[in-house]
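Shown next: upload-v1.tsv, containing TSV, C-alpha atoms.
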chain	number	residue	atom	x	y	z
A	126	THR	CA	43.63	62.14	103.88
A	127	ALA	CA	43.67	58.38	104.14
A	128	VAL	CA	45.54	56.77	107.00
A	129	GLY	CA	45.79	53.13	107.85
A	130	GLY	CA	47.62	50.36	109.62
A	131	ALA	CA	49.23	47.17	108.41
A	132	CYS	CA	45.87	46.01	107.08
A	133	GLY	CA	45.88	48.84	104.54
A	134	CYS	CA	42.32	49.94	105.29
A	135	ARG	CA	41.31	53.61	105.18
A	136	ALA	CA	40.39	55.83	108.12
A	137	ALA	CA	40.02	59.41	107.01
A	138	VAL	CA	37.87	60.97	109.71
A	139	PHE	CA	40.00	60.49	112.83
A	140	GLU	CA	43.47	59.16	113.57
A	141	THR	CA	42.86	57.36	116.85
A	142	ALA	CA	44.09	54.60	119.07
A	143	TYR	CA	41.30	52.38	117.75
A	144	HIS	CA	43.46	51.60	114.75
A	145	GLY	CA	46.21	49.05	115.22
A	146	PRO	CA	48.21	46.61	113.10
A	147	GLY	CA	46.04	43.99	111.45
A	148	ASP	CA	42.69	45.52	112.28
A	149	CYS	CA	40.75	48.68	111.60
A	150	ARG	CA	38.83	51.14	113.72
A	151	ALA	CA	35.61	50.06	112.06
A	152	GLY	CA	35.98	46.66	113.70
A	153	PHE	CA	37.10	48.13	117.02
A	154	GLY	CA	39.73	45.42	117.39
A	155	ARG	CA	37.67	42.64	115.83
A	156	GLY	CA	39.83	42.27	112.73
A	157	LEU	CA	37.34	43.84	110.30
A	158	CYS	CA	38.88	45.84	107.48
A	159	TYR	CA	37.12	48.09	104.98
A	160	ASP	CA	38.34	49.57	101.74
A	161	SER	CA	36.62	52.93	101.88
A	162	ASP	CA	35.59	55.63	104.30
A	163	ALA	CA	31.94	55.07	103.32
A	164	ASP	CA	32.17	51.38	104.29
A	165	TRP	CA	33.72	52.34	107.62
A	166	LEU	CA	31.03	54.93	108.38
A	167	LEU	CA	28.27	52.42	107.58
A	168	CYS	CA	29.84	49.64	109.58
A	169	ILE	CA	30.18	51.53	112.88
A	170	GLY	CA	26.38	51.73	112.87
A	171	MET	CA	26.27	54.66	115.29
A	172	PHE	CA	25.71	52.16	118.11
A	173	GLU	CA	27.20	54.32	120.85
A	174	GLN	CA	24.47	56.95	121.32
A	175	GLU	CA	22.93	55.58	124.52
A	176	ARG	CA	26.35	55.19	126.08
A	177	VAL	CA	27.13	58.81	125.18
A	178	ILE	CA	23.77	59.98	126.57
A	179	GLY	CA	24.49	58.17	129.84
A	180	ARG	CA	27.87	59.88	130.11
A	181	LEU	CA	26.27	63.22	129.25
A	182	GLN	CA	23.64	62.78	131.95
A	183	ARG	CA	26.27	62.06	134.59
A	184	ARG	CA	28.26	65.08	133.43
A	185	VAL	CA	25.36	67.55	133.63
A	186	GLN	CA	24.12	66.15	136.95
A	187	ALA	CA	27.51	66.99	138.43
A	188	ASP	CA	27.52	70.54	137.02
A	189	THR	CA	25.72	72.93	139.38
A	190	SER	CA	25.68	75.72	136.79
A	191	ILE	CA	23.35	73.71	134.53
A	192	VAL	CA	19.73	74.21	135.62
A	193	ALA	CA	18.29	71.72	133.14
A	194	CYS	CA	19.35	69.49	130.28
A	195	PHE	CA	17.12	67.78	127.76
A	196	LEU	CA	17.21	66.09	124.38
A	197	SER	CA	15.01	67.35	121.58
A	198	GLY	CA	14.59	66.22	117.98
A	199	SER	CA	14.21	62.50	117.30
A	200	TYR	CA	15.36	61.55	120.82
A	201	GLY	CA	12.75	63.83	122.34
A	202	ARG	CA	10.04	62.36	120.10
A	203	LEU	CA	11.22	58.78	120.80
A	204	ALA	CA	11.72	58.39	117.07
A	205	ASP	CA	15.49	57.93	117.09
A	206	ASP	CA	17.30	55.23	115.15
A	207	ASP	CA	20.87	53.98	114.84
A	208	TYR	CA	21.85	57.00	112.73
A	209	SER	CA	20.14	59.79	114.69
A	210	ASP	CA	22.18	62.72	115.91
A	211	ILE	CA	21.68	63.92	119.49
A	212	ASP	CA	20.17	67.38	119.96
A	213	VAL	CA	21.14	68.59	123.44
A	214	ALA	CA	19.82	71.68	125.24
A	215	LEU	CA	21.96	72.93	128.12
A	216	VAL	CA	19.94	75.44	130.15
A	217	PHE	CA	21.63	77.91	132.50
A	218	ALA	CA	20.03	80.22	135.08
A	219	ASP	CA	20.52	83.45	133.15
A	220	ASP	CA	22.23	84.98	130.15
A	221	ALA	CA	25.44	85.70	132.06
A	222	ALA	CA	25.77	82.07	133.21
A	223	ARG	CA	25.12	80.85	129.67
A	224	ASP	CA	27.75	83.21	128.26
A	225	ARG	CA	30.32	82.02	130.80
A	226	ALA	CA	29.61	78.39	129.94
A	227	TRP	CA	29.74	79.12	126.20
A	228	LYS	CA	33.36	80.20	126.57
A	229	GLU	CA	34.15	76.69	127.87
A	230	ARG	CA	32.09	74.81	125.26
A	231	GLN	CA	35.04	72.90	123.77
A	232	GLU	CA	36.18	71.72	127.19
A	233	PHE	CA	32.64	70.70	128.16
A	234	ALA	CA	32.13	68.65	124.99
A	235	LYS	CA	35.45	66.87	125.50
A	236	SER	CA	34.62	66.11	129.13
A	237	VAL	CA	31.53	64.04	128.23
A	238	MET	CA	33.66	61.32	126.60
A	239	PRO	CA	37.20	62.36	127.57
A	240	TYR	CA	38.98	59.43	125.92
A	241	VAL	CA	37.13	59.67	122.60
A	242	PRO	CA	38.58	62.12	120.04
A	243	LEU	CA	36.25	64.91	118.97
A	244	LYS	CA	35.83	67.34	116.08
A	245	ALA	CA	33.67	70.43	116.60
A	246	PHE	CA	32.70	73.86	115.28
A	247	ASP	CA	30.31	76.71	116.09
A	248	GLY	CA	26.92	76.53	114.36
A	249	GLY	CA	26.22	80.24	114.21
A	250	HIS	CA	24.99	79.83	110.64
A	251	VAL	CA	22.07	77.81	112.08
A	252	ARG	CA	21.32	79.65	115.33
A	253	PRO	CA	23.21	81.53	118.08
A	254	TYR	CA	24.94	79.52	120.82
A	255	LEU	CA	24.96	76.25	118.87
A	256	PHE	CA	28.01	73.98	119.14
A	257	ILE	CA	28.16	71.05	116.69
A	258	THR	CA	30.35	68.09	117.62
A	259	LEU	CA	31.29	64.69	116.22
A	260	LEU	CA	32.89	61.94	118.31
A	261	SER	CA	35.13	59.35	116.69
A	262	ASN	CA	32.68	56.61	117.69
A	263	GLY	CA	30.24	58.11	115.17
A	264	SER	CA	28.01	59.99	117.62
A	265	LYS	CA	27.07	63.53	116.58
A	266	LEU	CA	25.88	65.93	119.29
A	267	ASP	CA	24.50	69.41	118.68
A	268	TYR	CA	24.63	71.48	121.89
A	269	ARG	CA	22.21	74.39	122.33
A	270	TYR	CA	23.35	76.76	125.06
A	271	GLU	CA	20.19	78.31	126.54
A	272	SER	CA	19.23	80.74	129.30
A	273	ALA	CA	16.22	80.03	131.49
A	274	GLU	CA	15.51	83.75	131.81
A	275	SER	CA	15.27	84.35	128.06
A	276	MET	CA	14.27	80.97	126.57
A	277	ALA	CA	10.65	81.07	125.44
A	278	PRO	CA	8.46	77.97	125.04
A	279	ASN	CA	8.25	76.82	121.43
A	280	PRO	CA	6.37	74.00	119.65
A	281	TRP	CA	9.56	72.17	118.63
A	282	ASP	CA	10.33	71.47	122.30
A	283	GLY	CA	6.90	70.06	123.12
A	284	GLN	CA	8.41	66.56	123.14
A	285	ILE	CA	11.71	66.27	124.96
A	286	ARG	CA	13.70	63.73	126.95
A	287	ILE	CA	14.77	65.33	130.22
A	288	LEU	CA	18.22	64.40	131.57
A	289	LYS	CA	18.35	66.96	134.39
A	290	ASP	CA	15.72	69.20	135.97
A	291	SER	CA	16.87	70.98	139.11
A	292	ASP	CA	13.62	72.67	140.11
A	293	GLY	CA	10.96	71.47	137.67
A	294	TRP	CA	11.84	74.13	135.10
A	295	ALA	CA	12.19	71.61	132.24
A	296	GLU	CA	8.83	69.99	132.98
A	297	ARG	CA	7.08	73.36	133.02
A	298	PHE	CA	8.86	74.41	129.84
A	299	GLN	CA	7.85	71.19	128.08
A	300	ALA	CA	4.21	71.53	129.17
A	301	GLU	CA	4.02	75.12	127.90
A	302	SER	CA	5.74	74.18	124.63
A	303	ALA	CA	3.38	71.23	124.06
A	304	ARG	CA	0.40	73.60	124.05
A	305	LEU	CA	1.79	75.51	121.06
A	306	SER	CA	1.17	74.57	117.42
A	307	LYS	CA	3.90	74.48	114.82
A	308	PRO	CA	3.47	77.09	112.09
A	309	GLN	CA	2.47	75.72	108.71
A	310	PRO	CA	5.25	76.02	106.13
A	311	ALA	CA	4.45	78.35	103.26
A	312	ILE	CA	6.26	79.13	100.02
A	313	SER	CA	5.19	81.33	97.14
A	314	SER	CA	5.17	80.17	93.53
A	315	SER	CA	8.04	82.52	92.67
A	316	GLU	CA	10.11	81.21	95.58
A	317	LEU	CA	9.38	77.63	94.50
A	318	ILE	CA	10.51	78.35	90.93
A	319	GLU	CA	13.72	79.97	92.20
A	320	LEU	CA	14.40	77.01	94.50
A	321	ASP	CA	13.81	74.52	91.67
A	322	GLN	CA	16.17	76.32	89.34
A	323	ARG	CA	18.85	76.68	92.00
A	324	PHE	CA	18.59	72.97	92.90
A	325	TRP	CA	19.08	71.65	89.36
A	326	VAL	CA	21.97	73.98	88.59
A	327	MET	CA	23.79	73.06	91.83
A	328	TYR	CA	22.95	69.36	91.46
A	329	TRP	CA	24.43	69.21	87.96
A	330	ASP	CA	27.46	71.21	89.06
A	331	ALA	CA	28.12	68.75	91.90
A	332	LEU	CA	27.87	65.80	89.47
A	333	ARG	CA	30.24	67.54	87.05
A	334	LEU	CA	32.85	68.10	89.76
A	335	LEU	CA	32.56	64.53	91.03
A	336	ALA	CA	32.92	63.12	87.51
A	337	ARG	CA	36.07	65.19	87.02
A	338	GLY	CA	37.45	63.97	90.32
A	339	ASP	CA	37.54	67.36	92.04

Just give me the structure as structure tokens.
Amino acid sequence: TAVGGACGCRAAVFETAYHGPGDCRAGFGRGLCYDSDADWLLCIGMFEQERVIGRLQRRVQADTSIVACFLSGSYGRLADDDYSDIDVALVFADDAARDRAWKERQEFAKSVMPYVPLKAFDGGHVRPYLFITLLSNGSKLDYRYESAESMAPNPWDGQIRILKDSDGWAERFQAESARLSKPQPAISSSELIELDQRFWVMYWDALRLLARGD
């Protein structure tokens, strides 16, 4: 659904206070107007990540139930760019503490940037205890809720950016994870053929629907 102010520009992701008469949210009050949602998404440039990370760090430092917090993915590898999402691990002392915090996941995510509107959903289709969020400033944060008593070292967490480490747990976890090797991906010829056929059928179907305007 397109919404807009007096400038007539489009803002279909969030209806927020950023948008006012004569300007658009993409310009954040600088009088820049864009004709499409794609132009708006490109223009915001995802320039708010470090500000969000700073707010997140202050939030977890103040939360005594969080034993450790770190960033994985591109931020952990120091390979992030302007369009990187933020993969956040929130580590609690045990399974019970994690489960209690999980019940308050929506409130926690909102508290990081309380004046920035947020959309979110559970990512159970990816992994358990994953909460996927998008802030209206363009920052996307994926929160992993973890338990220190049941979280095993893994090669994907060998490079992390630690935001909180109450008792050295995160450093030990990172060191143990860094010693592990990532498994080599493998696919059989029959699986590859099935994947190829599925891709081209779905790709053409998507083009057909787009061409029809669905």

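With only C-alpha atoms as the basis for measurement, A:Arg269 is the residue among A:Arg333, A:Lys289, A:Arg269, A:Arg176 that approaches A:Ala226 most closely.
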
Exercise. By how many Å are atom CA of A:Leu196 and atom CA of A:Lys265 apart?
Worked result: 12.8 Å

List every residue of stretch 160-233 of chain A that has an atom at most 10 Å from any atom of stretch 290-296 of chain A, and for each one report the closest atom pair and its distance in Å to one decimal, counting only C-alpha atoms, with rows sorted by chain and then by increasing residue number, as CSV.
residue,atom,partner,partner_atom,distance
A:Gln186,CA,A:Ser291,CA,9.0
A:Thr189,CA,A:Ser291,CA,9.1
A:Ile191,CA,A:Ser291,CA,8.4
A:Val192,CA,A:Ser291,CA,5.5
A:Ala193,CA,A:Asp290,CA,4.6
A:Cys194,CA,A:Asp290,CA,6.8
A:Phe195,CA,A:Ala295,CA,7.7
A:Val216,CA,A:Ala295,CA,8.9

Problem set entry | Counting all atoms listed in the file, the residue of A:Ile287, A:Ala221, A:Val237, A:Leu334 that sits nearest A:Val177 | A:Val237

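In this model, the gap between atom CA of A:Glu173 and atom CA of A:Ala187 comes to 21.7 Å.
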
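With atom CA of A:Ser236 on one side and atom CA of A:Ile178 on the other, the separation reads 12.7 Å.
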
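Nearest residue to A:Ile211, choosing from A:Gly248, A:Pro253, A:Gly263, A:Pro242 and counting only C-alpha atoms: A:Gly263.
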
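Residue neighbourhood of A:Ala277, excluding near-sequence residues (fewer than 6 positions): Val216, Glu271, Gly283, Trp294, Ala295, Arg297, Phe298, Gln299, Glu301, Ser302 and Leu305 of chain A, at 12 Å, using only C-alpha atoms.
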
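Nearest to A:Val213 of all the residues A:Arg337, A:Arg286, A:Lys307, A:Arg252 is A:Arg286, based on only C-alpha atoms.
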
For this session: Identify, on the basis of only C-alpha atoms, every residue whose closest approach to A:Phe246 does not exceed 10 Å; exclude the query and any residue fewer than 2 positions from it along the same chain; express the result as a PyMOL selection string.
Result: chain A and resi 231+244+248-249+255-259+267

For this session: May I have the residues within 12 Å of A:Pro239 as a list in words, using only C-alpha atoms and disregarding those fewer than 3 positions away in the same chain?
Result: Val177, Arg180, Leu181, Arg184, Gln231, Glu232, Phe233, Ala234, Lys235, Ser236, Pro242, Leu243, Leu260 and Ser261 of chain A

Can I get stretch 204-219 of chain A with N, CA, C and O atoms filled in, as a PDB file, in the coordinates of the input?
ATOM      1  N   ALA A 204      11.722  58.869 118.446  1.00  0.00           N
ATOM      2  CA  ALA A 204      11.720  58.390 117.070  1.00  0.00           C
ATOM      3  C   ALA A 204      13.140  58.199 116.554  1.00  0.00           C
ATOM      4  O   ALA A 204      13.374  58.159 115.346  1.00  0.00           O
ATOM      5  N   ASP A 205      14.092  58.066 117.474  1.00  0.00           N
ATOM      6  CA  ASP A 205      15.490  57.930 117.090  1.00  0.00           C
ATOM      7  C   ASP A 205      15.767  56.558 116.494  1.00  0.00           C
ATOM      8  O   ASP A 205      15.045  55.588 116.736  1.00  0.00           O
ATOM      9  N   ASP A 206      16.828  56.497 115.693  1.00  0.00           N
ATOM     10  CA  ASP A 206      17.300  55.230 115.150  1.00  0.00           C
ATOM     11  C   ASP A 206      18.818  55.176 115.278  1.00  0.00           C
ATOM     12  O   ASP A 206      19.424  56.043 115.907  1.00  0.00           O
ATOM     13  N   ASP A 207      19.425  54.170 114.678  1.00  0.00           N
ATOM     14  CA  ASP A 207      20.870  53.980 114.840  1.00  0.00           C
ATOM     15  C   ASP A 207      21.690  55.124 114.260  1.00  0.00           C
ATOM     16  O   ASP A 207      22.871  55.244 114.563  1.00  0.00           O
ATOM     17  N   TYR A 208      21.098  55.936 113.399  1.00  0.00           N
ATOM     18  CA  TYR A 208      21.850  57.000 112.730  1.00  0.00           C
ATOM     19  C   TYR A 208      21.403  58.394 113.164  1.00  0.00           C
ATOM     20  O   TYR A 208      21.775  59.387 112.546  1.00  0.00           O
ATOM     21  N   SER A 209      20.609  58.484 114.226  1.00  0.00           N
ATOM     22  CA  SER A 209      20.140  59.790 114.690  1.00  0.00           C
ATOM     23  C   SER A 209      21.276  60.566 115.354  1.00  0.00           C
ATOM     24  O   SER A 209      22.105  59.986 116.066  1.00  0.00           O
ATOM     25  N   ASP A 210      21.290  61.895 115.115  1.00  0.00           N
ATOM     26  CA  ASP A 210      22.180  62.720 115.910  1.00  0.00           C
ATOM     27  C   ASP A 210      21.470  63.065 117.218  1.00  0.00           C
ATOM     28  O   ASP A 210      20.292  62.762 117.395  1.00  0.00           O
ATOM     29  N   ILE A 211      22.202  63.655 118.144  1.00  0.00           N
ATOM     30  CA  ILE A 211      21.680  63.920 119.490  1.00  0.00           C
ATOM     31  C   ILE A 211      21.612  65.427 119.672  1.00  0.00           C
ATOM     32  O   ILE A 211      22.641  66.111 119.709  1.00  0.00           O
ATOM     33  N   ASP A 212      20.389  65.944 119.768  1.00  0.00           N
ATOM     34  CA  ASP A 212      20.170  67.380 119.960  1.00  0.00           C
ATOM     35  C   ASP A 212      20.060  67.655 121.456  1.00  0.00           C
ATOM     36  O   ASP A 212      19.096  67.227 122.107  1.00  0.00           O
ATOM     37  N   VAL A 213      21.029  68.380 122.001  1.00  0.00           N
ATOM     38  CA  VAL A 213      21.140  68.590 123.440  1.00  0.00           C
ATOM     39  C   VAL A 213      20.896  70.066 123.774  1.00  0.00           C
ATOM     40  O   VAL A 213      21.513  70.948 123.170  1.00  0.00           O
ATOM     41  N   ALA A 214      20.007  70.326 124.718  1.00  0.00           N
ATOM     42  CA  ALA A 214      19.820  71.680 125.240  1.00  0.00           C
ATOM     43  C   ALA A 214      20.424  71.751 126.638  1.00  0.00           C
ATOM     44  O   ALA A 214      20.057  70.974 127.521  1.00  0.00           O
ATOM     45  N   LEU A 215      21.368  72.659 126.822  1.00  0.00           N
ATOM     46  CA  LEU A 215      21.960  72.930 128.120  1.00  0.00           C
ATOM     47  C   LEU A 215      21.407  74.267 128.595  1.00  0.00           C
ATOM     48  O   LEU A 215      21.645  75.303 127.966  1.00  0.00           O
ATOM     49  N   VAL A 216      20.643  74.245 129.683  1.00  0.00           N
ATOM     50  CA  VAL A 216      19.940  75.440 130.150  1.00  0.00           C
ATOM     51  C   VAL A 216      20.623  75.968 131.412  1.00  0.00           C
ATOM     52  O   VAL A 216      20.786  75.219 132.392  1.00  0.00           O
ATOM     53  N   PHE A 217      20.979  77.255 131.376  1.00  0.00           N
ATOM     54  CA  PHE A 217      21.630  77.910 132.500  1.00  0.00           C
ATOM     55  C   PHE A 217      20.673  78.933 133.113  1.00  0.00           C
ATOM     56  O   PHE A 217      19.670  79.310 132.510  1.00  0.00           O
ATOM     57  N   ALA A 218      20.973  79.387 134.323  1.00  0.00           N
ATOM     58  CA  ALA A 218      20.030  80.220 135.080  1.00  0.00           C
ATOM     59  C   ALA A 218      19.727  81.536 134.380  1.00  0.00           C
ATOM     60  O   ALA A 218      18.584  81.996 134.375  1.00  0.00           O
ATOM     61  N   ASP A 219      20.726  82.148 133.781  1.00  0.00           N
ATOM     62  CA  ASP A 219      20.520  83.450 133.150  1.00  0.00           C
ATOM     63  C   ASP A 219      21.496  83.617 132.003  1.00  0.00           C
ATOM     64  O   ASP A 219      22.330  82.741 131.736  1.00  0.00           O
TER      65      ASP A 219
END
